[in-house]
Amino acid sequence: MTELPSSITDSIGKPQYPKTANFPVESSYSWNTLSATENANPLYWDEAVAAELTNGMTVPPSTLSLWMRPHRWEPGATEELVALQVHFDLKSALNLPEAIMSDNTLILHEPVRPGDVISHHQILRSISEPKTTKLGSGRFWVIDIEYHNQNGTLVGIESYTGFGYRRAEVQA
Amino acid sequence: MSFLMLEDISVGQTLPPLSYDVTATTVVLGALASRDWRPMHHDYKFATVRNGTRDIFLNTPNLAAWFERYITDWTGPRGRIGRMTFRMRDSIYPDDQMVFNASVTATSTDVQGCGWVDLDIAVTVGDRTCTTCDARVAVPVSQSDNPWSRRGEAWAP
């Protein structure tokens, strides 16, 4: 078995990077996703339908991760701000310059509404032994993100499987 | 407002396919709509030279949004997605025609009376299966039922 740094193994299962979004959920931004996918579901476009079914407007559940993603830059930032910091920490700690996501799970709870302010934290669940794929050699890891609204109500859980890797030709 | 009810759905039933011609705009629009600023979703040179992929490609949250659209196009607005797990086997690039197909793998009613449909979805490009998805969506069990009204223990996705 290849050893992992203790900084990584010690972090498995522990909540990291708790953060509250610095902007509220808004319909106009969620409409960008509906537009990008040509999604005409009236639940998100028609206030009368939303009033009947969800007691007011909500945003599409698949936009869950949108509300954890920072601006790419904001005042005071000295480097690019990234979502899913644990993913980038692993890339750096394991010296794996490239990464992709291979699996994603969304478990959806309380609907998210315009005006909600979402908090979240990240949990590293597991990390694999070294693997080689057509992209290169590296490791898979699983990171969960739990999302709550401003009332502390669980709105969703998301799980990503990432593959951090080094391309074969770069190794040569 | 039309919608599917659980009694309308049976195991083995297939959903209408959805075909969509992906362009660079599709990829970039979806990435920026999901606030995903990573360059492999908008920068051809980064994607091809750094990542070693053929082109920029659809990002994960945008794929989730496409699955949502595909599922709720079928159920109507009363359909409430509880869970989606998808595996990205191959990327989807500009100039690909992606095609969504799905079949019903199970129907059930849970102890709270919520009606559930399990779906097996595949996104293909030509003969490539790019992404597979297992989804679980709640649908009404009666004309008066509304899955969106379920809260707390009555909602068990």
# chains A, B, ... in the order shown; residues from 1 in each chain; ligands from 1
$ closest_atom_pairs --of "chain B" --to "chain A" --cutoff "8 Å" --atoms "only C-alpha atoms" --output "JSON lines"
{"residue": "B:Thr26", "atom": "CA", "partner": "A:Ala36", "partner_atom": "CA", "distance": 6.6}
{"residue": "B:Leu29", "atom": "CA", "partner": "A:Ala36", "partner_atom": "CA", "distance": 5.7}
{"residue": "B:Gly30", "atom": "CA", "partner": "A:Ala36", "partner_atom": "CA", "distance": 5.3}
{"residue": "B:Ala33", "atom": "CA", "partner": "A:Asn32", "partner_atom": "CA", "distance": 5.1}
{"residue": "B:Ser34", "atom": "CA", "partner": "A:Leu66", "partner_atom": "CA", "distance": 5.2}
{"residue": "B:Arg35", "atom": "CA", "partner": "A:Leu66", "partner_atom": "CA", "distance": 6.0}
{"residue": "B:Asp36", "atom": "CA", "partner": "A:Arg69", "partner_atom": "CA", "distance": 7.4}
{"residue": "B:Trp37", "atom": "CA", "partner": "A:Arg72", "partner_atom": "CA", "distance": 6.8}
{"residue": "B:Arg50", "atom": "CA", "partner": "A:Glu98", "partner_atom": "CA", "distance": 7.8}
{"residue": "B:Asn51", "atom": "CA", "partner": "A:Glu98", "partner_atom": "CA", "distance": 6.4}
{"residue": "B:Gly52", "atom": "CA", "partner": "A:Leu135", "partner_atom": "CA", "distance": 7.4}
{"residue": "B:Thr60", "atom": "CA", "partner": "A:Met101", "partner_atom": "CA", "distance": 7.3}
{"residue": "B:Pro61", "atom": "CA", "partner": "A:Ser62", "partner_atom": "CA", "distance": 7.0}
{"residue": "B:Asn62", "atom": "CA", "partner": "A:Thr33", "partner_atom": "CA", "distance": 7.5}
{"residue": "B:Ala64", "atom": "CA", "partner": "A:Ser62", "partner_atom": "CA", "distance": 5.7}
{"residue": "B:Ala65", "atom": "CA", "partner": "A:Ser62", "partner_atom": "CA", "distance": 5.2}
{"residue": "B:Trp66", "atom": "CA", "partner": "A:Thr37", "partner_atom": "CA", "distance": 5.8}
{"residue": "B:Glu68", "atom": "CA", "partner": "A:Ser62", "partner_atom": "CA", "distance": 6.6}
{"residue": "B:Arg69", "atom": "CA", "partner": "A:Asn39", "partner_atom": "CA", "distance": 5.4}
{"residue": "B:Thr72", "atom": "CA", "partner": "A:Asn41", "partner_atom": "CA", "distance": 7.1}
{"residue": "B:Asp73", "atom": "CA", "partner": "A:Asn41", "partner_atom": "CA", "distance": 7.1}
{"residue": "B:Gly76", "atom": "CA", "partner": "A:Asn41", "partner_atom": "CA", "distance": 7.2}
{"residue": "B:Pro77", "atom": "CA", "partner": "A:Leu43", "partner_atom": "CA", "distance": 5.7}
{"residue": "B:Arg78", "atom": "CA", "partner": "A:Leu53", "partner_atom": "CA", "distance": 7.2}
{"residue": "B:Ile81", "atom": "CA", "partner": "A:Leu108", "partner_atom": "CA", "distance": 7.1}
{"residue": "B:Gly82", "atom": "CA", "partner": "A:Leu108", "partner_atom": "CA", "distance": 5.2}
{"residue": "B:Arg83", "atom": "CA", "partner": "A:Ile107", "partner_atom": "CA", "distance": 4.5}
{"residue": "B:Met84", "atom": "CA", "partner": "A:Leu106", "partner_atom": "CA", "distance": 5.2}
{"residue": "B:Thr85", "atom": "CA", "partner": "A:Thr105", "partner_atom": "CA", "distance": 4.1}
{"residue": "B:Phe86", "atom": "CA", "partner": "A:Asn104", "partner_atom": "CA", "distance": 5.4}
{"residue": "B:Arg87", "atom": "CA", "partner": "A:Asp103", "partner_atom": "CA", "distance": 4.4}
{"residue": "B:Met88", "atom": "CA", "partner": "A:Ser102", "partner_atom": "CA", "distance": 5.0}
{"residue": "B:Arg89", "atom": "CA", "partner": "A:Ser102", "partner_atom": "CA", "distance": 7.0}
{"residue": "B:Asn146", "atom": "CA", "partner": "A:Leu53", "partner_atom": "CA", "distance": 6.9}
{"residue": "B:Trp148", "atom": "CA", "partner": "A:Thr54", "partner_atom": "CA", "distance": 6.0}
{"residue": "B:Ser149", "atom": "CA", "partner": "A:Thr54", "partner_atom": "CA", "distance": 6.8}
{"residue": "B:Arg151", "atom": "CA", "partner": "A:Glu110", "partner_atom": "CA", "distance": 7.1}
{"residue": "B:Trp155", "atom": "CA", "partner": "A:His109", "partner_atom": "CA", "distance": 7.4}
{"residue": "B:Pro157", "atom": "CA", "partner": "A:Ile107", "partner_atom": "CA", "distance": 6.7}
$ write_last_selection --atoms "C-alpha atoms" --output "JSON list (two decimals), in the first residue's frame"
[["chain", "number", "residue", "atom", "x", "y", "z"],
["B", 26, "THR", "CA", -23.74, 25.05, -25.01],
["B", 29, "LEU", "CA", -23.22, 28.77, -21.27],
["B", 30, "GLY", "CA", -23.75, 25.76, -19.03],
["B", 33, "ALA", "CA", -24.61, 29.34, -15.55],
["B", 34, "SER", "CA", -23.39, 26.91, -12.90],
["B", 35, "ARG", "CA", -20.62, 29.31, -11.80],
["B", 36, "ASP", "CA", -17.96, 26.84, -12.89],
["B", 37, "TRP", "CA", -15.06, 28.99, -13.97],
["B", 50, "ARG", "CA", -3.21, 20.80, -20.37],
["B", 51, "ASN", "CA", -6.00, 18.29, -19.78],
["B", 52, "GLY", "CA", -5.39, 16.22, -22.88],
["B", 60, "THR", "CA", -20.67, 18.21, -14.07],
["B", 61, "PRO", "CA", -23.33, 20.59, -12.65],
["B", 62, "ASN", "CA", -24.54, 21.36, -16.15],
["B", 64, "ALA", "CA", -27.02, 17.44, -13.69],
["B", 65, "ALA", "CA", -29.19, 20.24, -15.04],
["B", 66, "TRP", "CA", -29.64, 18.40, -18.34],
["B", 68, "GLU", "CA", -33.19, 17.38, -14.45],
["B", 69, "ARG", "CA", -34.64, 18.84, -17.63],
["B", 72, "THR", "CA", -39.14, 16.71, -15.59],
["B", 73, "ASP", "CA", -39.95, 17.11, -19.27],
["B", 76, "GLY", "CA", -44.31, 17.47, -15.62],
["B", 77, "PRO", "CA", -43.84, 20.03, -12.84],
["B", 78, "ARG", "CA", -45.22, 17.82, -10.08],
["B", 81, "ILE", "CA", -36.35, 14.54, -8.11],
["B", 82, "GLY", "CA", -35.08, 12.90, -4.95],
["B", 83, "ARG", "CA", -31.77, 11.55, -6.04],
["B", 84, "MET", "CA", -29.50, 11.34, -9.05],
["B", 85, "THR", "CA", -26.23, 9.45, -9.37],
["B", 86, "PHE", "CA", -24.39, 9.75, -12.61],
["B", 87, "ARG", "CA", -21.12, 8.39, -13.91],
["B", 88, "MET", "CA", -19.24, 10.27, -16.58],
["B", 89, "ARG", "CA", -17.49, 7.66, -18.71],
["B", 146, "ASN", "CA", -48.24, 16.76, -4.61],
["B", 148, "TRP", "CA", -43.49, 18.94, -3.31],
["B", 149, "SER", "CA", -45.69, 19.26, -0.23],
["B", 151, "ARG", "CA", -41.46, 17.79, 4.37],
["B", 155, "TRP", "CA", -39.71, 13.11, 2.29],
["B", 157, "PRO", "CA", -35.16, 10.55, -1.06]]
$ closest_residue --among "A:Leu4, A:Ala77, A:Gly162, A:Pro114" --to "Glu26 in chain A" --atoms "only C-alpha atoms"
A:Pro114
$ select_by_dssp --residues "chain B" --states "strand (DSSP E)" --output "PDB file with N, CA and C atoms, in the first residue's frame"
ATOM      1  N   LEU B  18     -34.362  12.457 -26.024  1.00  0.00           N
ATOM      2  CA  LEU B  18     -34.074  13.882 -26.214  1.00  0.00           C
ATOM      3  C   LEU B  18     -32.735  13.988 -26.927  1.00  0.00           C
ATOM      4  N   SER B  19     -32.743  14.627 -28.095  1.00  0.00           N
ATOM      5  CA  SER B  19     -31.493  14.843 -28.832  1.00  0.00           C
ATOM      6  C   SER B  19     -31.148  16.328 -28.800  1.00  0.00           C
ATOM      7  N   TYR B  20     -29.869  16.607 -28.673  1.00  0.00           N
ATOM      8  CA  TYR B  20     -29.453  18.003 -28.633  1.00  0.00           C
ATOM      9  C   TYR B  20     -28.075  18.141 -29.262  1.00  0.00           C
ATOM     10  N   ASP B  21     -27.969  19.087 -30.186  1.00  0.00           N
ATOM     11  CA  ASP B  21     -26.688  19.352 -30.845  1.00  0.00           C
ATOM     12  C   ASP B  21     -25.865  20.299 -29.969  1.00  0.00           C
ATOM     13  N   ARG B  80     -40.822  15.440  -8.646  1.00  0.00           N
ATOM     14  CA  ARG B  80     -39.817  16.001  -7.732  1.00  0.00           C
ATOM     15  C   ARG B  80     -38.664  15.011  -7.625  1.00  0.00           C
ATOM     16  N   ILE B  81     -37.513  15.427  -8.124  1.00  0.00           N
ATOM     17  CA  ILE B  81     -36.345  14.536  -8.111  1.00  0.00           C
ATOM     18  C   ILE B  81     -35.830  14.399  -6.685  1.00  0.00           C
ATOM     19  N   GLY B  82     -35.616  13.158  -6.281  1.00  0.00           N
ATOM     20  CA  GLY B  82     -35.082  12.903  -4.948  1.00  0.00           C
ATOM     21  C   GLY B  82     -33.600  12.632  -4.955  1.00  0.00           C
ATOM     22  N   ARG B  83     -33.157  11.985  -6.029  1.00  0.00           N
ATOM     23  CA  ARG B  83     -31.766  11.550  -6.036  1.00  0.00           C
ATOM     24  C   ARG B  83     -31.321  11.301  -7.474  1.00  0.00           C
ATOM     25  N   MET B  84     -30.108  11.668  -7.759  1.00  0.00           N
ATOM     26  CA  MET B  84     -29.503  11.338  -9.053  1.00  0.00           C
ATOM     27  C   MET B  84     -28.049  10.935  -8.806  1.00  0.00           C
ATOM     28  N   THR B  85     -27.638   9.828  -9.389  1.00  0.00           N
ATOM     29  CA  THR B  85     -26.227   9.446  -9.370  1.00  0.00           C
ATOM     30  C   THR B  85     -25.800   9.226 -10.802  1.00  0.00           C
ATOM     31  N   PHE B  86     -24.828   9.965 -11.234  1.00  0.00           N
ATOM     32  CA  PHE B  86     -24.392   9.752 -12.605  1.00  0.00           C
ATOM     33  C   PHE B  86     -22.882   9.571 -12.701  1.00  0.00           C
ATOM     34  N   ARG B  87     -22.521   8.739 -13.671  1.00  0.00           N
ATOM     35  CA  ARG B  87     -21.121   8.387 -13.909  1.00  0.00           C
ATOM     36  C   ARG B  87     -20.716   8.881 -15.289  1.00  0.00           C
ATOM     37  N   MET B  88     -19.678   9.684 -15.315  1.00  0.00           N
ATOM     38  CA  MET B  88     -19.237  10.270 -16.575  1.00  0.00           C
ATOM     39  C   MET B  88     -18.120   9.412 -17.150  1.00  0.00           C
ATOM     40  N   GLN B  97     -23.710  15.313 -31.020  1.00  0.00           N
ATOM     41  CA  GLN B  97     -25.157  15.290 -30.802  1.00  0.00           C
ATOM     42  C   GLN B  97     -25.403  14.337 -29.626  1.00  0.00           C
ATOM     43  N   MET B  98     -25.785  14.898 -28.495  1.00  0.00           N
ATOM     44  CA  MET B  98     -26.040  14.021 -27.343  1.00  0.00           C
ATOM     45  C   MET B  98     -27.498  13.589 -27.369  1.00  0.00           C
ATOM     46  N   VAL B  99     -27.701  12.336 -26.999  1.00  0.00           N
ATOM     47  CA  VAL B  99     -29.046  11.763 -27.019  1.00  0.00           C
ATOM     48  C   VAL B  99     -29.326  11.121 -25.665  1.00  0.00           C
ATOM     49  N   PHE B 100     -30.403  11.578 -25.044  1.00  0.00           N
ATOM     50  CA  PHE B 100     -30.835  11.008 -23.767  1.00  0.00           C
ATOM     51  C   PHE B 100     -31.882   9.931 -24.031  1.00  0.00           C
ATOM     52  N   ASN B 101     -31.689   8.776 -23.398  1.00  0.00           N
ATOM     53  CA  ASN B 101     -32.690   7.707 -23.398  1.00  0.00           C
ATOM     54  C   ASN B 101     -32.822   7.195 -21.976  1.00  0.00           C
ATOM     55  N   ALA B 102     -33.995   6.681 -21.648  1.00  0.00           N
ATOM     56  CA  ALA B 102     -34.184   6.175 -20.283  1.00  0.00           C
ATOM     57  C   ALA B 102     -35.283   5.139 -20.262  1.00  0.00           C
ATOM     58  N   SER B 103     -35.209   4.294 -19.237  1.00  0.00           N
ATOM     59  CA  SER B 103     -36.286   3.341 -18.991  1.00  0.00           C
ATOM     60  C   SER B 103     -36.583   3.290 -17.498  1.00  0.00           C
ATOM     61  N   VAL B 104     -37.786   2.880 -17.195  1.00  0.00           N
ATOM     62  CA  VAL B 104     -38.222   2.750 -15.805  1.00  0.00           C
ATOM     63  C   VAL B 104     -37.741   1.399 -15.288  1.00  0.00           C
ATOM     64  N   THR B 105     -37.001   1.419 -14.180  1.00  0.00           N
ATOM     65  CA  THR B 105     -36.497   0.171 -13.614  1.00  0.00           C
ATOM     66  C   THR B 105     -37.297  -0.284 -12.399  1.00  0.00           C
ATOM     67  N   ALA B 106     -38.017   0.616 -11.765  1.00  0.00           N
ATOM     68  CA  ALA B 106     -38.827   0.233 -10.602  1.00  0.00           C
ATOM     69  C   ALA B 106     -39.858   1.315 -10.306  1.00  0.00           C
ATOM     70  N   THR B 107     -40.954   0.913  -9.728  1.00  0.00           N
ATOM     71  CA  THR B 107     -41.921   1.851  -9.170  1.00  0.00           C
ATOM     72  C   THR B 107     -42.244   1.364  -7.761  1.00  0.00           C
ATOM     73  N   SER B 108     -42.535   2.302  -6.872  1.00  0.00           N
ATOM     74  CA  SER B 108     -42.820   1.900  -5.494  1.00  0.00           C
ATOM     75  C   SER B 108     -43.562   3.024  -4.776  1.00  0.00           C
ATOM     76  N   THR B 109     -44.127   2.658  -3.648  1.00  0.00           N
ATOM     77  CA  THR B 109     -44.706   3.649  -2.743  1.00  0.00           C
ATOM     78  C   THR B 109     -44.079   3.428  -1.377  1.00  0.00           C
ATOM     79  N   GLY B 115     -44.975   8.247  -3.898  1.00  0.00           N
ATOM     80  CA  GLY B 115     -44.761   7.405  -5.062  1.00  0.00           C
ATOM     81  C   GLY B 115     -43.424   7.687  -5.709  1.00  0.00           C
ATOM     82  N   TRP B 116     -42.686   6.610  -5.993  1.00  0.00           N
ATOM     83  CA  TRP B 116     -41.331   6.772  -6.534  1.00  0.00           C
ATOM     84  C   TRP B 116     -41.176   6.013  -7.835  1.00  0.00           C
ATOM     85  N   VAL B 117     -40.404   6.596  -8.724  1.00  0.00           N
ATOM     86  CA  VAL B 117     -40.035   5.948  -9.980  1.00  0.00           C
ATOM     87  C   VAL B 117     -38.520   5.958 -10.078  1.00  0.00           C
ATOM     88  N   ASP B 118     -37.944   4.796 -10.334  1.00  0.00           N
ATOM     89  CA  ASP B 118     -36.501   4.690 -10.556  1.00  0.00           C
ATOM     90  C   ASP B 118     -36.244   4.635 -12.057  1.00  0.00           C
ATOM     91  N   LEU B 119     -35.270   5.410 -12.491  1.00  0.00           N
ATOM     92  CA  LEU B 119     -34.960   5.517 -13.911  1.00  0.00           C
ATOM     93  C   LEU B 119     -33.499   5.159 -14.173  1.00  0.00           C
ATOM     94  N   ASP B 120     -33.289   4.504 -15.290  1.00  0.00           N
ATOM     95  CA  ASP B 120     -31.945   4.218 -15.785  1.00  0.00           C
ATOM     96  C   ASP B 120     -31.780   5.051 -17.059  1.00  0.00           C
ATOM     97  N   ILE B 121     -30.908   6.037 -16.992  1.00  0.00           N
ATOM     98  CA  ILE B 121     -30.763   7.004 -18.084  1.00  0.00           C
ATOM     99  C   ILE B 121     -29.370   6.864 -18.688  1.00  0.00           C
ATOM    100  N   ALA B 122     -29.303   7.020 -19.996  1.00  0.00           N
ATOM    101  CA  ALA B 122     -27.995   7.019 -20.665  1.00  0.00           C
ATOM    102  C   ALA B 122     -27.932   8.200 -21.623  1.00  0.00           C
ATOM    103  N   VAL B 123     -26.773   8.820 -21.657  1.00  0.00           N
ATOM    104  CA  VAL B 123     -26.509   9.862 -22.645  1.00  0.00           C
ATOM    105  C   VAL B 123     -25.475   9.312 -23.614  1.00  0.00           C
ATOM    106  N   THR B 124     -25.851   9.224 -24.868  1.00  0.00           N
ATOM    107  CA  THR B 124     -24.946   8.687 -25.867  1.00  0.00           C
ATOM    108  C   THR B 124     -24.613   9.746 -26.908  1.00  0.00           C
ATOM    109  N   VAL B 125     -23.448   9.567 -27.513  1.00  0.00           N
ATOM    110  CA  VAL B 125     -23.043  10.352 -28.686  1.00  0.00           C
ATOM    111  C   VAL B 125     -22.600   9.328 -29.719  1.00  0.00           C
ATOM    112  N   ARG B 128     -20.972   6.024 -28.589  1.00  0.00           N
ATOM    113  CA  ARG B 128     -20.323   6.217 -27.286  1.00  0.00           C
ATOM    114  C   ARG B 128     -21.370   6.441 -26.204  1.00  0.00           C
ATOM    115  N   THR B 129     -21.326   5.661 -25.146  1.00  0.00           N
ATOM    116  CA  THR B 129     -22.146   5.967 -23.972  1.00  0.00           C
ATOM    117  C   THR B 129     -21.315   6.868 -23.076  1.00  0.00           C
ATOM    118  N   CYS B 130     -21.697   8.129 -23.027  1.00  0.00           N
ATOM    119  CA  CYS B 130     -20.856   9.112 -22.329  1.00  0.00           C
ATOM    120  C   CYS B 130     -21.162   9.174 -20.836  1.00  0.00           C
ATOM    121  N   THR B 131     -22.437   9.112 -20.493  1.00  0.00           N
ATOM    122  CA  THR B 131     -22.823   9.229 -19.091  1.00  0.00           C
ATOM    123  C   THR B 131     -24.018   8.329 -18.832  1.00  0.00           C
ATOM    124  N   THR B 132     -23.992   7.654 -17.690  1.00  0.00           N
ATOM    125  CA  THR B 132     -25.153   6.895 -17.248  1.00  0.00           C
ATOM    126  C   THR B 132     -25.629   7.482 -15.930  1.00  0.00           C
ATOM    127  N   CYS B 133     -26.917   7.382 -15.689  1.00  0.00           N
ATOM    128  CA  CYS B 133     -27.494   8.030 -14.508  1.00  0.00           C
ATOM    129  C   CYS B 133     -28.596   7.152 -13.929  1.00  0.00           C
ATOM    130  N   ASP B 134     -28.527   6.937 -12.630  1.00  0.00           N
ATOM    131  CA  ASP B 134     -29.649   6.332 -11.904  1.00  0.00           C
ATOM    132  C   ASP B 134     -30.370   7.468 -11.183  1.00  0.00           C
ATOM    133  N   ALA B 135     -31.635   7.613 -11.473  1.00  0.00           N
ATOM    134  CA  ALA B 135     -32.394   8.706 -10.866  1.00  0.00           C
ATOM    135  C   ALA B 135     -33.621   8.153 -10.164  1.00  0.00           C
ATOM    136  N   ARG B 136     -34.033   8.877  -9.140  1.00  0.00           N
ATOM    137  CA  ARG B 136     -35.221   8.500  -8.367  1.00  0.00           C
ATOM    138  C   ARG B 136     -36.079   9.751  -8.276  1.00  0.00           C
ATOM    139  N   VAL B 137     -37.271   9.660  -8.825  1.00  0.00           N
ATOM    140  CA  VAL B 137     -38.137  10.842  -8.886  1.00  0.00           C
ATOM    141  C   VAL B 137     -39.495  10.497  -8.290  1.00  0.00           C
ATOM    142  N   ALA B 138     -40.005  11.418  -7.481  1.00  0.00           N
ATOM    143  CA  ALA B 138     -41.318  11.234  -6.874  1.00  0.00           C
ATOM    144  C   ALA B 138     -42.383  11.792  -7.811  1.00  0.00           C
ATOM    145  N   VAL B 139     -43.463  11.050  -7.947  1.00  0.00           N
ATOM    146  CA  VAL B 139     -44.600  11.494  -8.769  1.00  0.00           C
ATOM    147  C   VAL B 139     -45.879  11.328  -7.942  1.00  0.00           C
TER     148      VAL B 139
END
$ select_by_dssp --residues "chain B" --states "helix (DSSP H, G or I)" --output "NGL selection string"
:B and (6-8 or 24-33 or 39-41 or 44-50 or 60-75 or 147-149 or 152-154)
$ closest_residue --among "A:Val117, A:Ala168, A:Leu124, A:Val112" --to "Ser137 in chain A" --atoms "only C-alpha atoms"
A:Ala168
$ atom_distance --atom1 "CA of Tyr17 in chain A" --atom2 "CA of His120 in chain A"
8.1 Å
$ closest_residue --among "A:Gly152, A:Trp141, A:Glu146, A:Gly164" --to "Ser92 in chain A" --atoms "only C-alpha atoms"
A:Gly164
$ closest_residue --among "B:Ser91, B:Thr14, B:Thr23, B:Thr75" --to "Asn59 in chain B" --atoms "only C-alpha atoms"
B:Ser91
$ residues_around --residues "range 9-14 of chain A" --least-positions-apart "5" --cutoff "10 Å" --atoms "only C-alpha atoms" --output "list in words"
Glu3, Leu4, Val86, His121, Gln122, Ile123, Leu124, Arg125, Ser126, Ile127, Val142, Ile143 and Asp144 of chain A
$ decode --residues "range 76-87 of chain B" --atoms "N, CA and C atoms" --output "PDB file, in the first residue's frame"
ATOM      1  N   GLY B  76     -43.588  16.236 -15.869  1.00  0.00           N
ATOM      2  CA  GLY B  76     -44.314  17.474 -15.617  1.00  0.00           C
ATOM      3  C   GLY B  76     -43.867  18.071 -14.298  1.00  0.00           C
ATOM      4  N   PRO B  77     -44.379  19.280 -13.987  1.00  0.00           N
ATOM      5  CA  PRO B  77     -43.839  20.034 -12.844  1.00  0.00           C
ATOM      6  C   PRO B  77     -44.093  19.408 -11.480  1.00  0.00           C
ATOM      7  N   ARG B  78     -45.022  18.470 -11.390  1.00  0.00           N
ATOM      8  CA  ARG B  78     -45.218  17.821 -10.081  1.00  0.00           C
ATOM      9  C   ARG B  78     -44.139  16.782  -9.787  1.00  0.00           C
ATOM     10  N   GLY B  79     -43.401  16.377 -10.792  1.00  0.00           N
ATOM     11  CA  GLY B  79     -42.303  15.443 -10.553  1.00  0.00           C
ATOM     12  C   GLY B  79     -41.234  16.110  -9.700  1.00  0.00           C
ATOM     13  N   ARG B  80     -40.822  15.440  -8.646  1.00  0.00           N
ATOM     14  CA  ARG B  80     -39.817  16.001  -7.732  1.00  0.00           C
ATOM     15  C   ARG B  80     -38.664  15.011  -7.625  1.00  0.00           C
ATOM     16  N   ILE B  81     -37.513  15.427  -8.124  1.00  0.00           N
ATOM     17  CA  ILE B  81     -36.345  14.536  -8.111  1.00  0.00           C
ATOM     18  C   ILE B  81     -35.830  14.399  -6.685  1.00  0.00           C
ATOM     19  N   GLY B  82     -35.616  13.158  -6.281  1.00  0.00           N
ATOM     20  CA  GLY B  82     -35.082  12.903  -4.948  1.00  0.00           C
ATOM     21  C   GLY B  82     -33.600  12.632  -4.955  1.00  0.00           C
ATOM     22  N   ARG B  83     -33.157  11.985  -6.029  1.00  0.00           N
ATOM     23  CA  ARG B  83     -31.766  11.550  -6.036  1.00  0.00           C
ATOM     24  C   ARG B  83     -31.321  11.301  -7.474  1.00  0.00           C
ATOM     25  N   MET B  84     -30.108  11.668  -7.759  1.00  0.00           N
ATOM     26  CA  MET B  84     -29.503  11.338  -9.053  1.00  0.00           C
ATOM     27  C   MET B  84     -28.049  10.935  -8.806  1.00  0.00           C
ATOM     28  N   THR B  85     -27.638   9.828  -9.389  1.00  0.00           N
ATOM     29  CA  THR B  85     -26.227   9.446  -9.370  1.00  0.00           C
ATOM     30  C   THR B  85     -25.800   9.226 -10.802  1.00  0.00           C
ATOM     31  N   PHE B  86     -24.828   9.965 -11.234  1.00  0.00           N
ATOM     32  CA  PHE B  86     -24.392   9.752 -12.605  1.00  0.00           C
ATOM     33  C   PHE B  86     -22.882   9.571 -12.701  1.00  0.00           C
ATOM     34  N   ARG B  87     -22.521   8.739 -13.671  1.00  0.00           N
ATOM     35  CA  ARG B  87     -21.121   8.387 -13.909  1.00  0.00           C
ATOM     36  C   ARG B  87     -20.716   8.881 -15.289  1.00  0.00           C
TER      37      ARG B  87
END
